[in-house]
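Enquirer: Below you'll find data-v7.txt; it's compact mmCIF, C-alpha atoms and all ligand atoms.
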```
# COMPACT_ATOMS: atom_id res chain seq x y z
CA MET D 6 161.85 129.29 152.20
CA THR D 7 160.42 127.49 155.21
CA ALA D 8 160.75 123.72 155.48
CA ASN D 9 157.05 123.09 154.95
CA ALA D 10 156.80 125.39 151.94
CA THR D 11 155.52 122.89 149.41
CA ARG D 12 153.10 124.95 147.32
CA VAL D 13 153.81 126.36 143.88
CA LEU D 14 151.62 128.89 142.10
CA VAL D 15 151.82 128.48 138.32
CA LEU D 16 150.98 131.53 136.21
CA ASN D 17 150.41 131.52 132.46
CA SER D 18 149.88 135.12 131.33
CA GLY D 19 148.49 135.79 127.88
CA SER D 20 147.91 139.18 126.30
CA SER D 21 144.43 139.48 127.82
CA SER D 22 144.25 136.43 130.06
CA LEU D 23 145.78 134.91 133.16
CA LYS D 24 145.60 131.18 133.81
CA TYR D 25 146.70 129.87 137.17
CA GLN D 26 146.99 126.77 139.29
CA LEU D 27 148.06 126.34 142.88
CA LEU D 28 149.68 122.94 143.47
CA ASP D 29 150.92 121.17 146.55
CA MET D 30 154.10 119.44 145.49
CA SER D 31 154.29 117.11 148.48
CA ASP D 32 151.02 115.58 147.22
CA THR D 33 151.92 115.54 143.52
CA GLN D 34 155.15 113.74 144.27
CA SER D 35 153.58 111.13 146.48
CA THR D 36 150.84 110.44 143.94
CA GLY D 37 153.09 110.41 140.93
CA GLY D 38 151.69 113.68 139.67
CA SER D 39 147.96 113.01 139.83
CA ALA D 40 145.38 115.73 140.38
CA ALA D 41 145.52 115.11 144.13
CA GLY D 42 148.03 117.94 144.56
CA ARG D 43 145.94 120.58 142.82
CA LEU D 44 144.58 123.03 145.37
CA ALA D 45 142.97 125.59 143.07
CA VAL D 46 142.69 126.30 139.35
CA GLY D 47 141.32 129.26 137.48
CA LEU D 48 141.33 131.71 134.64
CA VAL D 49 140.90 135.44 134.18
CA GLU D 50 139.74 136.35 130.68
CA ARG D 51 139.22 139.57 128.75
CA ILE D 52 141.56 141.59 130.97
CA GLY D 53 141.28 145.29 130.11
CA GLU D 54 137.67 145.02 128.93
CA GLU D 55 134.39 145.87 130.63
CA THR D 56 133.36 142.21 130.60
CA SER D 57 136.38 140.59 132.27
CA ARG D 58 135.60 137.24 133.82
CA LEU D 59 137.27 135.32 136.64
CA ALA D 60 136.50 131.63 137.05
CA HIS D 61 138.00 130.06 140.16
CA THR D 62 137.69 126.47 141.37
CA PRO D 63 138.91 125.73 144.91
CA LEU D 64 139.73 122.04 144.58
CA ALA D 65 141.30 121.86 148.06
CA THR D 66 138.00 122.64 149.77
CA GLY D 67 135.90 120.71 147.26
CA GLY D 68 133.99 123.94 146.62
CA ASP D 69 132.12 124.74 143.42
CA LYS D 70 133.51 126.87 140.63
CA ARG D 71 132.99 130.58 141.39
CA GLU D 72 132.55 132.98 138.50
CA THR D 73 132.65 136.75 138.68
CA GLU D 74 132.19 139.23 135.86
CA GLY D 75 133.11 142.88 135.76
CA PRO D 76 135.94 145.10 134.58
CA ILE D 77 139.49 144.02 135.51
CA ALA D 78 141.75 146.78 134.22
CA ASP D 79 145.12 145.05 133.89
CA HIS D 80 147.22 142.04 134.89
CA GLU D 81 148.01 143.57 138.28
CA ALA D 82 144.30 143.87 139.07
CA ALA D 83 143.79 140.34 137.72
CA LEU D 84 146.45 138.82 139.97
CA LYS D 85 145.10 140.74 142.96
CA ALA D 86 141.63 139.37 142.23
CA VAL D 87 143.08 135.86 142.01
CA ALA D 88 144.95 136.39 145.29
CA ALA D 89 141.67 137.44 146.93
CA GLU D 90 139.91 134.31 145.67
CA LEU D 91 142.74 132.12 146.96
CA ALA D 92 142.70 133.93 150.32
CA ALA D 93 138.96 133.28 150.65
CA ASP D 94 139.77 129.56 150.54
CA GLY D 95 142.58 129.88 153.09
CA LEU D 96 145.17 129.56 150.29
CA GLY D 97 146.40 133.18 150.27
CA LEU D 98 149.61 134.19 148.55
CA ASP D 99 150.96 135.45 151.88
CA SER D 100 151.02 131.86 153.15
CA PRO D 101 154.40 130.58 154.38
CA GLU D 102 153.56 127.35 152.59
CA LEU D 103 154.04 129.01 149.21
CA ALA D 104 157.53 128.00 147.99
CA ALA D 105 157.68 129.77 144.64
CA ILE D 106 155.81 131.13 141.67
CA GLY D 107 156.44 129.40 138.34
CA HIS D 108 155.82 131.39 135.16
CA ARG D 109 155.28 130.02 131.69
CA VAL D 110 157.47 132.09 129.39
CA VAL D 111 156.96 131.44 125.71
CA HIS D 112 160.28 132.48 124.22
CA GLY D 113 163.61 131.84 125.89
CA GLY D 114 165.73 132.03 122.74
CA LEU D 115 168.91 129.98 122.82
CA LYS D 116 170.10 131.23 126.17
CA PHE D 117 167.53 129.59 128.40
CA THR D 118 167.85 125.83 128.13
CA ALA D 119 166.42 125.10 131.57
CA PRO D 120 164.07 126.64 134.16
CA THR D 121 165.65 129.77 135.58
CA VAL D 122 165.21 131.78 138.78
CA ILE D 123 164.19 135.25 137.63
CA ASP D 124 166.41 138.22 138.43
CA ASP D 125 166.92 141.56 136.67
CA ALA D 126 169.30 140.05 134.09
CA VAL D 127 166.78 137.31 133.24
CA LEU D 128 164.00 139.89 132.90
CA LYS D 129 166.20 141.92 130.54
CA GLU D 130 166.90 138.87 128.39
CA ILE D 131 163.19 137.96 128.17
CA GLU D 132 162.60 141.56 127.13
CA ARG D 133 165.38 141.33 124.52
CA LEU D 134 163.48 138.43 122.96
CA VAL D 135 160.28 140.46 122.47
CA PRO D 136 161.03 141.05 118.75
CA VAL D 137 160.91 137.28 118.11
CA ALA D 138 157.84 136.75 120.34
CA PRO D 139 155.89 140.02 120.11
CA LEU D 140 152.57 138.51 121.14
CA HIS D 141 153.72 136.39 124.05
CA ASN D 142 156.80 137.64 125.87
CA PRO D 143 155.34 141.08 126.77
CA ALA D 144 152.36 139.40 128.47
CA ASN D 145 154.67 136.97 130.27
CA LEU D 146 156.77 139.91 131.50
CA ILE D 147 153.72 141.69 132.87
CA GLY D 148 152.74 138.52 134.75
CA ILE D 149 156.22 138.20 136.26
CA ARG D 150 156.47 141.86 137.31
CA THR D 151 153.02 141.78 138.86
CA ALA D 152 153.82 138.64 140.84
CA GLN D 153 157.14 140.13 141.97
CA ALA D 154 155.35 143.23 143.26
CA LEU D 155 152.94 141.05 145.22
CA ARG D 156 155.55 138.75 146.77
CA PRO D 157 159.01 140.33 146.32
CA ASP D 158 160.55 137.89 148.80
CA LEU D 159 159.53 134.76 146.91
CA PRO D 160 161.57 132.97 144.22
CA GLN D 161 159.98 133.45 140.80
CA VAL D 162 160.96 130.89 138.19
CA ALA D 163 160.65 131.12 134.41
CA VAL D 164 159.89 127.88 132.57
CA PHE D 165 160.41 128.38 128.85
CA ASP D 166 158.32 126.88 126.04
CA THR D 167 161.43 126.79 123.87
CA ALA D 168 163.83 125.18 126.37
CA PHE D 169 163.14 121.54 125.52
CA HIS D 170 163.93 122.24 121.87
CA THR D 171 167.35 123.79 122.45
CA THR D 172 168.89 120.33 122.02
CA MET D 173 167.93 120.33 118.33
CA PRO D 174 171.02 119.89 116.18
CA GLU D 175 172.08 122.91 114.17
CA TYR D 176 171.06 121.27 110.88
CA ALA D 177 167.48 120.93 112.17
CA ALA D 178 167.31 124.39 113.73
CA ARG D 179 168.73 126.47 110.88
CA TYR D 180 166.71 127.69 107.93
CA ALA D 181 168.52 127.44 104.62
CA ILE D 182 168.82 131.20 104.22
CA ASP D 183 171.78 133.58 104.21
CA VAL D 184 173.63 132.93 107.46
CA ALA D 185 174.60 136.56 108.14
CA THR D 186 171.00 137.75 107.74
CA ALA D 187 169.68 134.91 109.89
CA ASP D 188 172.19 135.55 112.65
CA ALA D 189 171.74 139.33 112.62
CA HIS D 190 168.02 138.89 113.30
CA ARG D 191 168.17 135.67 115.35
CA ILE D 192 166.14 133.87 112.69
CA ARG D 193 166.13 130.12 113.31
CA ARG D 194 163.74 127.40 114.39
CA TYR D 195 163.10 127.57 118.13
CA GLY D 196 160.01 125.37 118.54
CA PHE D 197 157.24 125.82 121.11
CA HIS D 198 154.99 123.71 123.41
CA GLY D 199 158.30 122.44 124.81
CA THR D 200 156.95 121.91 128.32
CA SER D 201 154.26 119.64 126.90
CA HIS D 202 156.65 117.73 124.60
CA ALA D 203 159.01 117.17 127.56
CA TYR D 204 156.24 116.00 129.87
CA VAL D 205 154.51 113.76 127.33
CA SER D 206 157.69 112.12 126.02
CA ARG D 207 158.73 111.29 129.59
CA LYS D 208 155.26 109.97 130.49
CA THR D 209 155.25 107.84 127.34
CA ALA D 210 158.55 106.23 128.35
CA ALA D 211 157.07 105.54 131.80
CA LEU D 212 154.00 103.98 130.18
CA LEU D 213 156.35 101.59 128.35
CA GLY D 214 158.18 100.87 131.62
CA LYS D 215 161.37 102.40 130.26
CA ASP D 216 163.72 105.23 131.07
CA PRO D 217 163.33 108.23 128.69
CA SER D 218 166.94 107.68 127.56
CA GLU D 219 165.94 104.28 126.12
CA VAL D 220 163.10 105.35 123.84
CA ASN D 221 162.51 107.34 120.67
CA VAL D 222 159.13 109.05 120.63
CA ILE D 223 157.16 111.12 118.14
CA VAL D 224 154.99 113.49 120.19
CA LEU D 225 151.93 114.97 118.47
CA HIS D 226 150.63 117.91 120.50
CA LEU D 227 147.32 118.58 118.77
CA GLY D 228 145.40 121.39 120.43
CA ASN D 229 144.14 124.61 118.91
CA GLY D 230 147.85 125.24 118.37
CA ALA D 231 149.57 122.07 117.19
CA SER D 232 153.12 120.82 116.94
CA ALA D 233 155.02 117.59 116.44
CA SER D 234 158.40 116.68 117.85
CA ALA D 235 160.95 113.93 117.39
CA VAL D 236 162.44 112.96 120.75
CA ALA D 237 165.46 110.63 120.74
CA GLY D 238 166.43 109.20 124.13
CA GLY D 239 164.73 112.06 125.97
CA ARG D 240 166.25 114.84 123.84
CA CYS D 241 164.36 116.79 121.20
CA VAL D 242 166.01 116.41 117.78
CA ASP D 243 163.37 118.13 115.65
CA THR D 244 160.09 119.96 116.04
CA SER D 245 157.55 121.39 113.65
CA MET D 246 157.17 124.96 114.93
CA GLY D 247 159.88 127.41 113.95
CA LEU D 248 160.82 131.03 114.55
CA THR D 249 157.20 131.48 115.59
CA PRO D 250 154.37 129.02 116.29
CA LEU D 251 153.10 129.46 112.71
CA GLU D 252 155.23 126.76 111.07
CA GLY D 253 154.35 123.08 110.79
CA LEU D 254 151.04 121.31 111.24
CA VAL D 255 147.62 122.59 110.19
CA MET D 256 146.19 124.17 113.36
CA GLY D 257 142.87 125.58 114.55
CA THR D 258 143.48 129.01 113.03
CA ARG D 259 147.11 128.86 111.75
CA SER D 260 148.12 127.67 108.31
CA GLY D 261 151.25 125.78 109.34
CA ASP D 262 153.71 125.20 106.47
CA ILE D 263 153.16 127.21 103.32
CA ASP D 264 155.42 128.36 100.51
CA PRO D 265 156.89 131.65 101.86
CA ALA D 266 156.27 133.14 98.43
CA VAL D 267 152.55 133.14 99.26
CA THR D 268 153.27 136.13 101.47
CA PHE D 269 154.98 138.12 98.68
CA HIS D 270 152.11 137.21 96.41
CA LEU D 271 149.53 138.45 98.90
CA LYS D 272 151.46 141.67 99.22
CA ARG D 273 152.20 142.32 95.56
CA VAL D 274 149.13 140.89 93.88
CA ALA D 275 146.40 141.05 96.53
CA GLY D 276 147.69 144.34 97.99
CA MET D 277 147.57 143.12 101.56
CA SER D 278 149.68 144.74 104.30
CA THR D 279 152.15 142.79 106.42
CA ASP D 280 149.80 143.01 109.40
CA GLU D 281 146.88 141.76 107.33
CA ILE D 282 148.91 138.79 106.12
CA ASP D 283 149.97 138.09 109.71
CA VAL D 284 146.32 138.01 110.81
CA LEU D 285 145.33 135.91 107.79
CA LEU D 286 147.95 133.22 108.45
CA ASN D 287 147.73 133.17 112.26
CA LYS D 288 144.03 133.79 112.90
CA LYS D 289 142.04 133.09 109.75
CA SER D 290 143.76 130.02 108.33
CA GLY D 291 144.11 126.39 109.37
CA LEU D 292 140.85 124.58 110.04
CA VAL D 293 138.89 127.81 110.51
CA GLY D 294 140.11 129.15 107.18
CA LEU D 295 139.38 125.91 105.39
CA CYS D 296 135.88 125.22 106.69
CA GLY D 297 134.83 127.98 109.11
CA ASP D 298 135.21 125.84 112.25
CA ASN D 299 138.27 125.15 114.36
CA ASP D 300 136.65 122.83 116.88
CA MET D 301 137.32 119.23 115.87
CA ARG D 302 134.04 118.11 117.48
CA GLU D 303 132.07 120.43 115.21
CA ILE D 304 134.10 119.38 112.16
CA ARG D 305 133.42 115.69 112.84
CA ARG D 306 129.70 116.44 113.34
CA ARG D 307 129.58 118.24 109.98
CA ILE D 308 131.42 115.37 108.27
CA ASP D 309 128.86 112.94 109.68
CA GLU D 310 126.17 115.09 108.04
CA GLY D 311 127.98 114.89 104.69
CA ASP D 312 129.57 118.37 104.70
CA GLU D 313 132.28 118.31 102.01
CA ARG D 314 134.14 121.43 103.13
CA ALA D 315 134.54 120.01 106.62
CA GLU D 316 135.71 116.72 105.13
CA LEU D 317 138.34 118.41 102.96
CA ALA D 318 139.59 120.44 105.94
CA PHE D 319 139.90 117.20 107.95
CA ASP D 320 141.75 115.48 105.10
CA ILE D 321 144.22 118.37 104.73
CA TYR D 322 144.81 118.33 108.51
CA ILE D 323 145.46 114.58 108.47
CA HIS D 324 147.64 114.66 105.35
CA ARG D 325 150.00 117.19 106.97
CA LEU D 326 150.08 115.19 110.19
CA LYS D 327 151.00 112.03 108.27
CA LYS D 328 153.81 113.81 106.47
CA TYR D 329 155.34 114.81 109.81
CA ILE D 330 154.97 111.30 111.23
CA GLY D 331 156.79 109.97 108.16
CA ALA D 332 159.47 112.65 108.33
CA TYR D 333 160.14 112.11 112.02
CA THR D 334 160.28 108.35 111.51
CA ALA D 335 163.09 109.01 109.05
CA VAL D 336 164.77 111.51 111.40
CA LEU D 337 164.66 109.09 114.36
CA GLY D 338 165.53 105.92 112.41
CA ARG D 339 163.81 103.79 115.03
CA VAL D 340 160.49 104.83 116.56
CA ASP D 341 159.35 103.18 119.79
CA ALA D 342 156.20 105.20 120.34
CA VAL D 343 153.87 107.78 118.85
CA ALA D 344 152.11 109.83 121.55
CA PHE D 345 148.97 111.88 120.99
CA THR D 346 148.23 114.77 123.36
CA ALA D 347 146.30 118.06 123.89
CA GLY D 348 142.62 118.76 123.14
CA VAL D 349 142.40 117.03 119.75
CA GLY D 350 145.06 114.38 120.38
CA GLU D 351 143.53 113.31 123.70
CA ASN D 352 139.89 113.36 122.60
CA ALA D 353 139.49 112.92 118.87
CA ALA D 354 139.66 109.16 118.15
CA PRO D 355 138.96 109.72 114.41
CA VAL D 356 142.05 111.94 114.13
CA ARG D 357 144.27 109.29 115.75
CA GLU D 358 142.82 106.58 113.55
CA ALA D 359 143.17 108.57 110.32
CA ALA D 360 146.67 109.86 111.13
CA LEU D 361 148.06 106.33 111.40
CA ALA D 362 145.89 104.62 108.78
CA GLY D 363 148.02 102.90 106.16
CA LEU D 364 151.25 103.23 108.17
CA GLU D 365 151.46 99.50 109.00
CA GLU D 366 154.69 99.29 106.99
CA LEU D 367 156.17 101.73 109.54
CA GLY D 368 155.03 99.39 112.34
CA MET D 369 152.20 101.75 113.34
CA ALA D 370 148.59 100.73 113.89
CA VAL D 371 145.62 101.67 116.06
CA ASP D 372 143.30 99.16 117.76
CA ALA D 373 139.76 100.41 117.11
CA SER D 374 138.29 99.37 120.45
CA LEU D 375 141.22 100.71 122.50
CA ASN D 376 141.08 103.93 120.49
CA ALA D 377 137.40 104.37 121.35
CA VAL D 378 138.01 104.30 125.12
CA ARG D 379 137.68 107.69 126.81
CA SER D 380 139.95 108.24 129.79
CA ASP D 381 142.03 110.89 131.55
CA GLU D 382 144.86 108.41 132.09
CA PRO D 383 147.85 107.74 129.81
CA ARG D 384 147.09 104.62 127.77
CA LEU D 385 148.15 102.50 124.82
CA ILE D 386 145.86 102.22 121.79
CA SER D 387 148.04 100.07 119.52
CA PRO D 388 147.35 96.36 118.97
CA GLU D 389 149.65 93.79 120.63
CA TYR D 390 151.40 92.93 117.36
CA ALA D 391 152.38 96.51 116.41
CA ARG D 392 156.11 97.27 116.49
CA VAL D 393 155.49 100.90 117.51
CA ALA D 394 153.47 101.69 120.64
CA VAL D 395 150.75 104.26 120.03
CA ALA D 396 149.83 106.17 123.19
CA VAL D 397 147.35 108.78 124.32
CA VAL D 398 149.01 110.81 127.04
CA PRO D 399 147.08 113.74 128.54
CA THR D 400 149.44 116.68 128.78
CA ASP D 401 149.83 118.70 131.96
CA GLU D 402 151.91 121.78 131.34
CA GLU D 403 151.01 123.34 134.71
CA LEU D 404 152.19 120.27 136.62
CA GLU D 405 155.40 120.19 134.59
CA ILE D 406 156.02 123.91 135.28
CA ALA D 407 155.30 123.37 138.99
CA GLN D 408 157.63 120.36 139.16
CA GLN D 409 160.46 122.16 137.39
CA THR D 410 159.95 125.23 139.58
CA TYR D 411 159.85 123.23 142.81
CA ALA D 412 162.90 121.15 141.86
CA LEU D 413 164.87 124.31 141.09
CA VAL D 414 164.08 126.14 144.32
CA ASN D 415 164.87 123.02 146.33
CA ALA D 416 168.11 122.28 144.50
P1 LIG M 501 143.73 122.71 123.49
O1 LIG M 501 144.33 123.87 122.71
O2 LIG M 501 144.72 121.66 123.82
O3 LIG M 501 142.91 123.16 124.66
O4 LIG M 501 142.69 122.02 122.48
C1 LIG M 501 141.51 122.66 122.08
C2 LIG M 501 140.89 121.90 120.92
O5 LIG M 501 140.69 120.53 121.25
C3 LIG M 501 139.51 122.39 120.52
O6 LIG M 501 139.58 123.48 119.61
C4 LIG M 501 138.90 121.18 119.85
O7 LIG M 501 139.20 121.18 118.47
C5 LIG M 501 139.62 120.00 120.48
N1 LIG M 501 138.77 119.18 121.35
C6 LIG M 501 138.49 119.38 122.66
N2 LIG M 501 137.66 118.42 123.11
C7 LIG M 501 137.43 117.58 122.07
C8 LIG M 501 136.65 116.39 121.89
N3 LIG M 501 135.95 115.84 122.89
N4 LIG M 501 136.65 115.81 120.67
C9 LIG M 501 137.35 116.35 119.65
N5 LIG M 501 138.10 117.46 119.76
C10 LIG M 501 138.13 118.08 120.94
```
Using structure tokens, write down the structure from this file.
Expert:
Amino acid sequence: MTANATRVLVLNSGSSSLKYQLLDMSDTQSTGGSAAGRLAVGLVERIGEETSRLAHTPLATGGDKRETEGPIADHEAALKAVAAELAADGLGLDSPELAAIGHRVVHGGLKFTAPTVIDDAVLKEIERLVPVAPLHNPANLIGIRTAQALRPDLPQVAVFDTAFHTTMPEYAARYAIDVATADAHRIRRYGFHGTSHAYVSRKTAALLGKDPSEVNVIVLHLGNGASASAVAGGRCVDTSMGLTPLEGLVMGTRSGDIDPAVTFHLKRVAGMSTDEIDVLLNKKSGLVGLCGDNDMREIRRRIDEGDERAELAFDIYIHRLKKYIGAYTAVLGRVDAVAFTAGVGENAAPVREAALAGLEELGMAVDASLNAVRSDEPRLISPEYARVAVAVVPTDEELEIAQQTYALVNA
């Protein structure tokens, strides 16, 4: 790596998508991680279809978003198309300024507790984890192999969604099922969105002017996928997602917690196949299953018009959220802050208000006028008197991946 190699390309490969950001880490460090270091951002969607779409925004040149449509056969073609867009802005992947490529990898099992430079052994281990992450790890592997083929000389770093949660104590991570069966099939609670929980809990401590080791934070990552975590002194001690991202909160399309016997019932009584139940619980449940919409903006609009189904869906969503806030208060013993993040958490003031309504006895309250403020900056929305700080902290998983990647290759 050359001395002035300060750029990191972050790749987030989904089964039919590729999200990317090119960041200049000299800038992000000097600005405390603001958007100033972002050189380009983009997304390739519908890979493998006739109507693939690439949207690329060259922030470094101040240029407009460029969108192209047309078939992109696979992830290799997608990354090559991205490389061509970057090259057109003078940001090509062949640049000596590129220090590393950081990959989001969803499942790192128990082995990967920190970002890891990818070699053959690491690739094999990510592959070994495919049975516990069948939707995500194969796509992540394709992204890594494609990037390696394009720049074999460059360090490629895996940043795992599960890593932040590997500090969970055994009593929080284990399901109360037969130990031999659980161990034979690596069944336990791994947790996801770890990069976001790590970033947001640290940012929340900074907002309070404290070191992460000094504060206990409940992080509520409420996006289309949603998860809560209890973070004690910078270490995750519990999180709501489990073996897969299905467990926990009510999400856009996932049920979150249900009695596992519902699945036997669907099989035995409703005659559904395992795959059909999988689709039902992951894609057709949650807010969309309850009211037909998974966008919180639309749900709030319908509630304002008096739609009872939308209102019930909202109430179920909030009730679950409250139960986790209560549970994690008990787990942590002392809570210094509750932090809201991701699409819903950052934008939906009514969700934040309803989630903490009536929790004054726990020291939690929301100031209505602070809660109504719209901003991209981390901010407090609790009144002066409240014992627990309530924060809105925009998450930035790409920046976190880039920082971890850059720190590792410079270590
Ligand atoms: P994410 O997965 O973090 O990108 O979050 C996506 C979700 O955030 C969407 O499905 C919406 O429900 C929600 N969302 C985004 N913008 C807003 C907004 N302005 N108000 C309420 N909810 C929003």
Enquirer: Would you name the residues within 7 Å of ligand LIG 501 (chain M), counting only C-alpha atoms and all ligand atoms, and put them as an NGL selection string?
Expert: :D and (227-230 or 257 or 299-302 or 347-349 or 352-353)
Enquirer: Just want the 12 Å neighbourhood of Pro143 of chain D, counted on only C-alpha atoms, with same-chain residues fewer than 3 positions away dropped. Output as a compact mmCIF listing (two decimals) with C-alpha atoms, in the coordinates of the input.
Expert:
```
# COMPACT_ATOMS: atom_id res chain seq x y z
CA SER D 18 149.88 135.12 131.33
CA GLY D 19 148.49 135.79 127.88
CA SER D 20 147.91 139.18 126.30
CA SER D 21 144.43 139.48 127.82
CA HIS D 80 147.22 142.04 134.89
CA VAL D 110 157.47 132.09 129.39
CA VAL D 111 156.96 131.44 125.71
CA HIS D 112 160.28 132.48 124.22
CA LEU D 128 164.00 139.89 132.90
CA LYS D 129 166.20 141.92 130.54
CA GLU D 130 166.90 138.87 128.39
CA ILE D 131 163.19 137.96 128.17
CA GLU D 132 162.60 141.56 127.13
CA ARG D 133 165.38 141.33 124.52
CA LEU D 134 163.48 138.43 122.96
CA VAL D 135 160.28 140.46 122.47
CA PRO D 136 161.03 141.05 118.75
CA VAL D 137 160.91 137.28 118.11
CA ALA D 138 157.84 136.75 120.34
CA PRO D 139 155.89 140.02 120.11
CA LEU D 140 152.57 138.51 121.14
CA LEU D 146 156.77 139.91 131.50
CA ILE D 147 153.72 141.69 132.87
CA GLY D 148 152.74 138.52 134.75
CA ILE D 149 156.22 138.20 136.26
CA ARG D 150 156.47 141.86 137.31
```
Enquirer: To one decimal place in Å, what is the distance between atom CA of Glu90 of chain D and atom CA of Gly107 of chain D?
Expert: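 Here the two named atoms are 18.7 Å from each other.
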Enquirer: Restricting the calculation to all atoms listed in the file, which member of D:Leu385, D:Ile304, D:Val49, D:Val164 is positioned closest to Ala342 of chain D?
Expert: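 Nearest to Ala342 of chain D: D:Leu385.
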Enquirer: Between atom CA of His61 of chain D and atom CA of Leu413 of chain D, what is the distance, to one decimal in Å?
Expert: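 According to the coordinates, atom CA of His61 of chain D and atom CA of Leu413 of chain D are separated by 27.5 Å.
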Enquirer: Output as JSON lines one row per residue of segment 217-281 of chain D within 9 Å of segment 191-209 of chain D: the closest atom pair and its distance in Å to one decimal place, counting all atoms listed in the file, sorted by chain and residue number ascending.
Expert:
```
{"residue": "D:Pro217", "atom": "CA", "partner": "D:Arg207", "partner_atom": "CA", "distance": 5.6}
{"residue": "D:Val220", "atom": "CA", "partner": "D:Ser206", "partner_atom": "CA", "distance": 8.9}
{"residue": "D:Asn221", "atom": "CA", "partner": "D:Ser206", "partner_atom": "CA", "distance": 8.6}
{"residue": "D:Val222", "atom": "CA", "partner": "D:Ser206", "partner_atom": "CA", "distance": 6.4}
{"residue": "D:Ile223", "atom": "CA", "partner": "D:Ser206", "partner_atom": "CA", "distance": 8.0}
{"residue": "D:Val224", "atom": "CA", "partner": "D:His202", "partner_atom": "CA", "distance": 6.3}
{"residue": "D:Leu225", "atom": "CA", "partner": "D:His202", "partner_atom": "CA", "distance": 8.2}
{"residue": "D:His226", "atom": "CA", "partner": "D:His202", "partner_atom": "CA", "distance": 7.3}
{"residue": "D:Gly230", "atom": "CA", "partner": "D:His198", "partner_atom": "CA", "distance": 8.9}
{"residue": "D:Ala231", "atom": "CA", "partner": "D:His198", "partner_atom": "CA", "distance": 8.4}
{"residue": "D:Ser232", "atom": "CA", "partner": "D:His198", "partner_atom": "CA", "distance": 7.3}
{"residue": "D:Ala233", "atom": "CA", "partner": "D:His202", "partner_atom": "CA", "distance": 8.3}
{"residue": "D:Ser234", "atom": "CA", "partner": "D:His202", "partner_atom": "CA", "distance": 7.1}
{"residue": "D:Val236", "atom": "CA", "partner": "D:Ser206", "partner_atom": "CA", "distance": 7.1}
{"residue": "D:Gly239", "atom": "CA", "partner": "D:Ser206", "partner_atom": "CA", "distance": 7.0}
{"residue": "D:Arg240", "atom": "CA", "partner": "D:Ala203", "partner_atom": "CA", "distance": 8.5}
{"residue": "D:Cys241", "atom": "CA", "partner": "D:Ala203", "partner_atom": "CA", "distance": 8.3}
{"residue": "D:Asp243", "atom": "CA", "partner": "D:Gly196", "partner_atom": "CA", "distance": 8.5}
{"residue": "D:Thr244", "atom": "CA", "partner": "D:Gly196", "partner_atom": "CA", "distance": 6.0}
{"residue": "D:Ser245", "atom": "CA", "partner": "D:Gly196", "partner_atom": "CA", "distance": 6.8}
{"residue": "D:Met246", "atom": "CA", "partner": "D:Gly196", "partner_atom": "CA", "distance": 4.6}
{"residue": "D:Gly247", "atom": "CA", "partner": "D:Arg194", "partner_atom": "CA", "distance": 3.9}
{"residue": "D:Leu248", "atom": "CA", "partner": "D:Arg194", "partner_atom": "CA", "distance": 4.7}
{"residue": "D:Thr249", "atom": "CA", "partner": "D:Gly196", "partner_atom": "CA", "distance": 7.3}
{"residue": "D:Pro250", "atom": "CA", "partner": "D:Phe197", "partner_atom": "CA", "distance": 6.5}
{"residue": "D:Glu252", "atom": "CA", "partner": "D:Gly196", "partner_atom": "CA", "distance": 9.0}
```
Enquirer: Write a file of the selected residues as a short mmCIF file (atom, residue, chain, number, x, y, z; two decimals), in the coordinates of the input, keeping C-alpha atoms.
Expert:
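Dumped to selection.cif:
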```cif
data_model
loop_
_atom_site.label_atom_id
_atom_site.label_comp_id
_atom_site.auth_asym_id
_atom_site.auth_seq_id
_atom_site.Cartn_x
_atom_site.Cartn_y
_atom_site.Cartn_z
CA PRO D 217 163.33 108.23 128.69
CA VAL D 220 163.10 105.35 123.84
CA ASN D 221 162.51 107.34 120.67
CA VAL D 222 159.13 109.05 120.63
CA ILE D 223 157.16 111.12 118.14
CA VAL D 224 154.99 113.49 120.19
CA LEU D 225 151.93 114.97 118.47
CA HIS D 226 150.63 117.91 120.50
CA GLY D 230 147.85 125.24 118.37
CA ALA D 231 149.57 122.07 117.19
CA SER D 232 153.12 120.82 116.94
CA ALA D 233 155.02 117.59 116.44
CA SER D 234 158.40 116.68 117.85
CA VAL D 236 162.44 112.96 120.75
CA GLY D 239 164.73 112.06 125.97
CA ARG D 240 166.25 114.84 123.84
CA CYS D 241 164.36 116.79 121.20
CA ASP D 243 163.37 118.13 115.65
CA THR D 244 160.09 119.96 116.04
CA SER D 245 157.55 121.39 113.65
CA MET D 246 157.17 124.96 114.93
CA GLY D 247 159.88 127.41 113.95
CA LEU D 248 160.82 131.03 114.55
CA THR D 249 157.20 131.48 115.59
CA PRO D 250 154.37 129.02 116.29
CA GLU D 252 155.23 126.76 111.07
#
```
Enquirer: Looking at D:Val340, D:Ile263, D:Ala92, D:Ala119, which one is nearest to Ala45 of chain D, with distances taken over only C-alpha atoms?
Expert: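 Closest candidate: D:Ala92.
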Enquirer: What does the distance between atom CA of Glu74 of chain D and atom CA of Arg58 of chain D come to in Å, to one decimal place?
Expert: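 Between these atoms lies a distance of 4.4 Å.
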Enquirer: For Gln408 of chain D, which residue out of D:His108, D:Lys85, D:Lys70, D:Arg305 is the nearest one, using all atoms listed in the file?
Expert: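 Of D:His108, D:Lys85, D:Lys70, D:Arg305, the one nearest Gln408 of chain D is D:His108, counting all atoms listed in the file.
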Enquirer: Using only C-alpha atoms, can you list as JSON, numbers by chain the residues within 12 Å of (145.1, 102.3, 117.5)?
Expert: {"D": [342, 343, 344, 345, 354, 355, 356, 357, 358, 359, 360, 361, 362, 363, 364, 365, 368, 369, 370, 371, 372, 373, 374, 375, 376, 377, 378, 384, 385, 386, 387, 388, 389, 390, 391, 393, 394, 395, 396, 397]}
